[in-house]
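Each remark here refers to the structure printed beneath this line.
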Amino acid sequence: MTTHTEAEIASQPACWRRAVENIPTDALPQPGERVAVVGCGTSWFIAMAYATLREQAGLGETDAFAASEAPVGRPYDRILALSRSGTTTEVLELLSKATTRTTAITADPKTPIMNLAKDVIVLDYADEQSVVQTRFATTQLALLRASLGEDLTQAIADAEDALTAPLVGVDAEQFSFLGAGWSNGLAQEAALKMREASRSWTEAYPAMEYRHGPISIAGPGRVTWMLGTAPEGLREQVEVTGGTFVESARDPMAELVLAQRVAVARAFARGLNPDEPLHLTRSVILSS
């Protein structure tokens, strides 16, 4: 029987196509605006990726924060809040105190975030039944990338390829995910998926920083997985330790799809249900 997580992972190319066909540009950050992008957990890592891409596109200073750590009072032209559930306490508290223009992206149109943000983008077709977030995260990033002028045709094709590509490291002892630039956020997200779904020992680092200490854990039975293009010489430095180095030419967002599949496979191998990870709920709602 297919789990919700598996079905949601497989639906990502279709969701991305739908997202890029209808971009609500008026509700999203405008060129030149100074923007704070906030979220919790997965949404924070997607915020990191988008913030880097927006600055690289020359569209304005963009900072990413965990909602609980966003600096209150720092001047921004807009706050962009990412929240699948629309009920996460830290995000709602931040929006309730905001004095600048606010935009939220959510999956559920029947939640408090609808009344707290000035502009709301609802991606209900990408909502999920699994606690572990997969397609909503990547669909909102597809929307945000397309809003920056990116053509995601190849990324979507790469995602379709990732859905049938051979799995790697299902029996590995440890994973280190690496990124560079905007894919740093995706490396963090890949590591989170592995921890959530399969309770695996997983870490994530900027690729150039990996050699400044973390490479000491590389070795036989352990995987170093690059999302994007690895720095010159890094593969050789990992392989000399006996560790496995994974890198492909796929778009990093599509490579994340393969990492999601590996996380699910590892969950099954450990007798875990990826739909219901231990100690987690769909949304973190704190009591007052």
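Each chain in the structure tokens gets a letter, A, B, ..., in the order shown, and its residues are numbered from 1; ligands are numbered from 1 in order too.
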Residues of range 38-208 of chain A in alpha helix (DSSP H), written as a PyMOL selection string = chain A and resi 42-56+89-97+113-116+135-147+153-162+183-198+207-208
DSSP strand (DSSP E) selection over range 14-115 of chain A, as a list in words | Val35, Ala36, Val37, Val38, Gly39, Thr62, Asp63, Ala64, Phe65, Ala66, Arg78, Ile79, Leu80, Ala81, Leu82, Arg101, Thr102, Thr103, Ala104, Ile105 and Thr106 of chain A
Store the residues of this selection in a file with all heavy atoms, as a compact mmCIF listing (two decimals), in the first residue's frame.
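Resulting contents of again-v9.txt:
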# COMPACT_ATOMS: atom_id res chain seq x y z
N VAL A 35 13.06 42.71 1.90
CA VAL A 35 12.11 41.67 2.29
C VAL A 35 12.70 40.76 3.36
O VAL A 35 13.87 40.37 3.29
CB VAL A 35 11.71 40.83 1.06
CG1 VAL A 35 10.77 39.70 1.47
CG2 VAL A 35 11.06 41.71 0.00
N ALA A 36 11.87 40.42 4.33
CA ALA A 36 12.18 39.37 5.30
C ALA A 36 11.29 38.18 5.00
O ALA A 36 10.07 38.32 4.93
CB ALA A 36 11.95 39.85 6.72
N VAL A 37 11.89 37.02 4.80
CA VAL A 37 11.13 35.79 4.54
C VAL A 37 11.23 34.92 5.79
O VAL A 37 12.34 34.65 6.28
CB VAL A 37 11.68 35.03 3.32
CG1 VAL A 37 10.69 33.97 2.86
CG2 VAL A 37 12.02 35.98 2.19
N VAL A 38 10.09 34.49 6.32
CA VAL A 38 10.08 33.77 7.59
C VAL A 38 9.30 32.46 7.47
O VAL A 38 8.39 32.33 6.66
CB VAL A 38 9.48 34.64 8.71
CG1 VAL A 38 10.26 35.94 8.88
CG2 VAL A 38 8.00 34.93 8.45
N GLY A 39 9.67 31.53 8.31
CA GLY A 39 8.98 30.26 8.37
C GLY A 39 9.56 29.44 9.50
O GLY A 39 10.50 29.86 10.17
N THR A 62 17.23 40.61 0.72
CA THR A 62 16.28 39.61 1.19
C THR A 62 16.92 38.78 2.28
O THR A 62 17.97 38.16 2.08
CB THR A 62 15.85 38.69 0.03
OG1 THR A 62 15.57 39.47 -1.14
CG2 THR A 62 14.60 37.90 0.41
N ASP A 63 16.30 38.75 3.45
CA ASP A 63 16.80 38.00 4.58
C ASP A 63 15.83 36.88 4.92
O ASP A 63 14.61 37.04 4.79
CB ASP A 63 16.96 38.90 5.81
CG ASP A 63 17.98 40.01 5.59
OD1 ASP A 63 19.01 39.74 4.95
OD2 ASP A 63 17.75 41.14 6.07
N ALA A 64 16.37 35.75 5.38
CA ALA A 64 15.53 34.63 5.80
C ALA A 64 15.73 34.38 7.29
O ALA A 64 16.87 34.38 7.78
CB ALA A 64 15.90 33.38 5.00
N PHE A 65 14.62 34.17 8.00
CA PHE A 65 14.69 33.94 9.43
C PHE A 65 13.74 32.82 9.84
O PHE A 65 12.65 32.67 9.26
CB PHE A 65 14.26 35.19 10.21
CG PHE A 65 15.08 36.41 9.97
CD1 PHE A 65 14.61 37.43 9.15
CD2 PHE A 65 16.34 36.55 10.54
CE1 PHE A 65 15.35 38.57 8.92
CE2 PHE A 65 17.11 37.69 10.30
CZ PHE A 65 16.61 38.70 9.50
N ALA A 66 14.14 32.04 10.85
CA ALA A 66 13.16 31.25 11.57
C ALA A 66 12.21 32.26 12.20
O ALA A 66 12.65 33.28 12.74
CB ALA A 66 13.83 30.40 12.64
N ARG A 78 8.49 44.48 3.27
CA ARG A 78 7.51 43.40 3.25
C ARG A 78 8.02 42.21 4.06
O ARG A 78 9.23 41.92 4.06
CB ARG A 78 7.23 42.94 1.81
CG ARG A 78 6.10 41.90 1.70
CD ARG A 78 6.03 41.33 0.29
NE ARG A 78 5.84 42.35 -0.72
CZ ARG A 78 4.66 42.63 -1.29
NH1 ARG A 78 3.58 41.96 -0.93
NH2 ARG A 78 4.58 43.55 -2.23
N ILE A 79 7.09 41.55 4.71
CA ILE A 79 7.37 40.25 5.33
C ILE A 79 6.64 39.19 4.51
O ILE A 79 5.44 39.30 4.27
CB ILE A 79 6.89 40.20 6.79
CG1 ILE A 79 7.70 41.17 7.65
CG2 ILE A 79 7.02 38.79 7.35
CD1 ILE A 79 7.20 41.30 9.07
N LEU A 80 7.39 38.18 4.07
CA LEU A 80 6.81 37.05 3.36
C LEU A 80 6.84 35.85 4.30
O LEU A 80 7.92 35.39 4.68
CB LEU A 80 7.60 36.76 2.08
CG LEU A 80 7.21 35.50 1.30
CD1 LEU A 80 5.75 35.56 0.85
CD2 LEU A 80 8.14 35.30 0.11
N ALA A 81 5.68 35.38 4.70
CA ALA A 81 5.57 34.28 5.66
C ALA A 81 5.17 33.00 4.94
O ALA A 81 4.20 32.99 4.17
CB ALA A 81 4.54 34.61 6.74
N LEU A 82 5.91 31.93 5.20
CA LEU A 82 5.64 30.63 4.59
C LEU A 82 5.12 29.69 5.67
O LEU A 82 5.78 29.48 6.69
CB LEU A 82 6.92 30.06 3.97
CG LEU A 82 7.71 31.00 3.05
CD1 LEU A 82 8.94 30.27 2.50
CD2 LEU A 82 6.84 31.52 1.91
N ARG A 101 3.94 45.74 5.15
CA ARG A 101 3.10 44.91 4.31
C ARG A 101 3.47 43.44 4.49
O ARG A 101 4.65 43.10 4.61
CB ARG A 101 3.24 45.30 2.84
CG ARG A 101 2.33 44.52 1.91
CD ARG A 101 2.26 45.13 0.55
NE ARG A 101 1.32 44.42 -0.32
CZ ARG A 101 0.94 44.82 -1.53
NH1 ARG A 101 1.43 45.95 -2.02
NH2 ARG A 101 0.09 44.10 -2.24
N THR A 102 2.48 42.58 4.50
CA THR A 102 2.71 41.15 4.72
C THR A 102 2.06 40.31 3.62
O THR A 102 0.98 40.62 3.13
CB THR A 102 2.15 40.70 6.07
OG1 THR A 102 0.76 41.05 6.15
CG2 THR A 102 2.90 41.36 7.22
N THR A 103 2.77 39.26 3.25
CA THR A 103 2.25 38.25 2.32
C THR A 103 2.48 36.89 2.94
O THR A 103 3.52 36.65 3.56
CB THR A 103 2.98 38.32 0.96
OG1 THR A 103 2.71 39.57 0.33
CG2 THR A 103 2.53 37.19 0.04
N ALA A 104 1.52 36.00 2.81
CA ALA A 104 1.67 34.64 3.31
C ALA A 104 1.39 33.65 2.19
O ALA A 104 0.55 33.88 1.32
CB ALA A 104 0.71 34.38 4.47
N ILE A 105 2.12 32.54 2.22
CA ILE A 105 1.84 31.41 1.34
C ILE A 105 1.47 30.24 2.23
O ILE A 105 2.21 29.89 3.15
CB ILE A 105 3.05 31.05 0.46
CG1 ILE A 105 3.49 32.26 -0.37
CG2 ILE A 105 2.71 29.88 -0.46
CD1 ILE A 105 4.72 31.98 -1.24
N THR A 106 0.30 29.65 1.98
CA THR A 106 -0.20 28.57 2.82
C THR A 106 -0.91 27.54 1.96
O THR A 106 -1.16 27.75 0.77
CB THR A 106 -1.15 29.12 3.90
OG1 THR A 106 -1.47 28.09 4.83
CG2 THR A 106 -2.43 29.67 3.28
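Taking CA of Gln12 in chain A and CA of Thr138 in chain A as the two end points, the separation is 7.5 Å.
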Can you list, as a list in words, every protein, DNA or RNA residue that comes within 6 Å of range 18-26 of chain A when you count only C-alpha atoms, leaving out same-chain residues fewer than 3 positions away?
-> Cys15, Leu143 and Ala146 of chain A
Length of the CA of Val132 in chain A to CA of Thr42 in chain A vector [Å] = 9.3 Å
Please provide the set of residues having any atom within 10 Å of Leu144 in chain A, restricted to only C-alpha atoms, with same-chain residues fewer than 4 positions apart removed, written as a PyMOL selection string.
-> chain A and resi 19-20+23-25+28-29+46-47+49-51+53-54+138-140+148-150
Within 9 Å of range 211-225 of chain A, which residues of range 80-178 of chain A show up? Give each one with its shortest atom-to-atom distance in Å (one decimal) and the two atoms involved, counting only C-alpha atoms, rows by chain then rising residue number, as a tab-separated table.
residue	atom	partner	partner_atom	distance
A:Val168	CA	A:Val223	CA	8.8
A:Gly169	CA	A:Val223	CA	6.7
A:Asp171	CA	A:Gly221	CA	7.9
A:Ala172	CA	A:Gly221	CA	5.2
A:Glu173	CA	A:Arg222	CA	5.4
A:Gln174	CA	A:Arg222	CA	4.8
A:Phe175	CA	A:Val223	CA	4.8
A:Ser176	CA	A:Thr224	CA	4.8
A:Phe177	CA	A:Trp225	CA	4.8
A:Leu178	CA	A:Trp225	CA	6.0
Mind writing the picked residues with C-alpha atoms as a PDB file, in the first residue's frame?
ATOM      1  CA  VAL A 168      21.417   5.531  -2.902  1.00  0.00           C
ATOM      2  CA  GLY A 169      22.526   4.955   0.647  1.00  0.00           C
ATOM      3  CA  ASP A 171      21.686   1.159   4.274  1.00  0.00           C
ATOM      4  CA  ALA A 172      24.174   3.974   5.028  1.00  0.00           C
ATOM      5  CA  GLU A 173      25.152   4.733   8.606  1.00  0.00           C
ATOM      6  CA  GLN A 174      25.239   8.515   8.179  1.00  0.00           C
ATOM      7  CA  PHE A 175      24.446  11.298   5.673  1.00  0.00           C
ATOM      8  CA  SER A 176      25.961  14.754   5.186  1.00  0.00           C
ATOM      9  CA  PHE A 177      24.043  16.944   2.722  1.00  0.00           C
ATOM     10  CA  LEU A 178      25.919  19.841   1.119  1.00  0.00           C
TER      11      LEU A 178
END
What does the distance from CA of Glu203 in chain A to CA of Leu163 in chain A come to in Å, to one decimal?
->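 Distance between the two atoms: 23.3 Å.
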Contacts of His4 in chain A within 9 Å, only C-alpha atoms, excl. fewer than 5 positions in-chain, as an mmCIF file with C-alpha atoms, in the first residue's frame:
data_model
loop_
_atom_site.group_PDB
_atom_site.id
_atom_site.type_symbol
_atom_site.label_atom_id
_atom_site.label_comp_id
_atom_site.auth_asym_id
_atom_site.auth_seq_id
_atom_site.Cartn_x
_atom_site.Cartn_y
_atom_site.Cartn_z
ATOM 1 C CA ILE A 9 6.516 12.932 -3.418
ATOM 2 C CA GLU A 128 -0.497 17.119 2.266
ATOM 3 C CA GLN A 129 -1.912 14.448 4.539
ATOM 4 C CA SER A 130 1.513 13.339 5.715
ATOM 5 C CA PRO A 274 6.952 8.062 7.181
ATOM 6 C CA ASP A 275 3.433 9.522 7.335
#
Which is closest to Val72 in chain A among A:Gln56, A:Phe136, A:Ser147, A:Lys97, if we use only C-alpha atoms?
-> A:Lys97
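If only C-alpha atoms are the atoms counted, then among A:Ile113, A:Leu123, A:Met208, A:Leu258 the closest residue to Leu167 in chain A is A:Leu258.
Counting only C-alpha atoms, the residue from A:Leu234, A:Ala107, A:Leu92, A:Leu116 that sits nearest to Gln133 in chain A is A:Ala107.
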Go through A:Ala162, A:Glu90, A:Arg84, A:Gly228 and flag the residue nearest Ile121 in chain A, using only C-alpha atoms for the distances.
-> A:Arg84
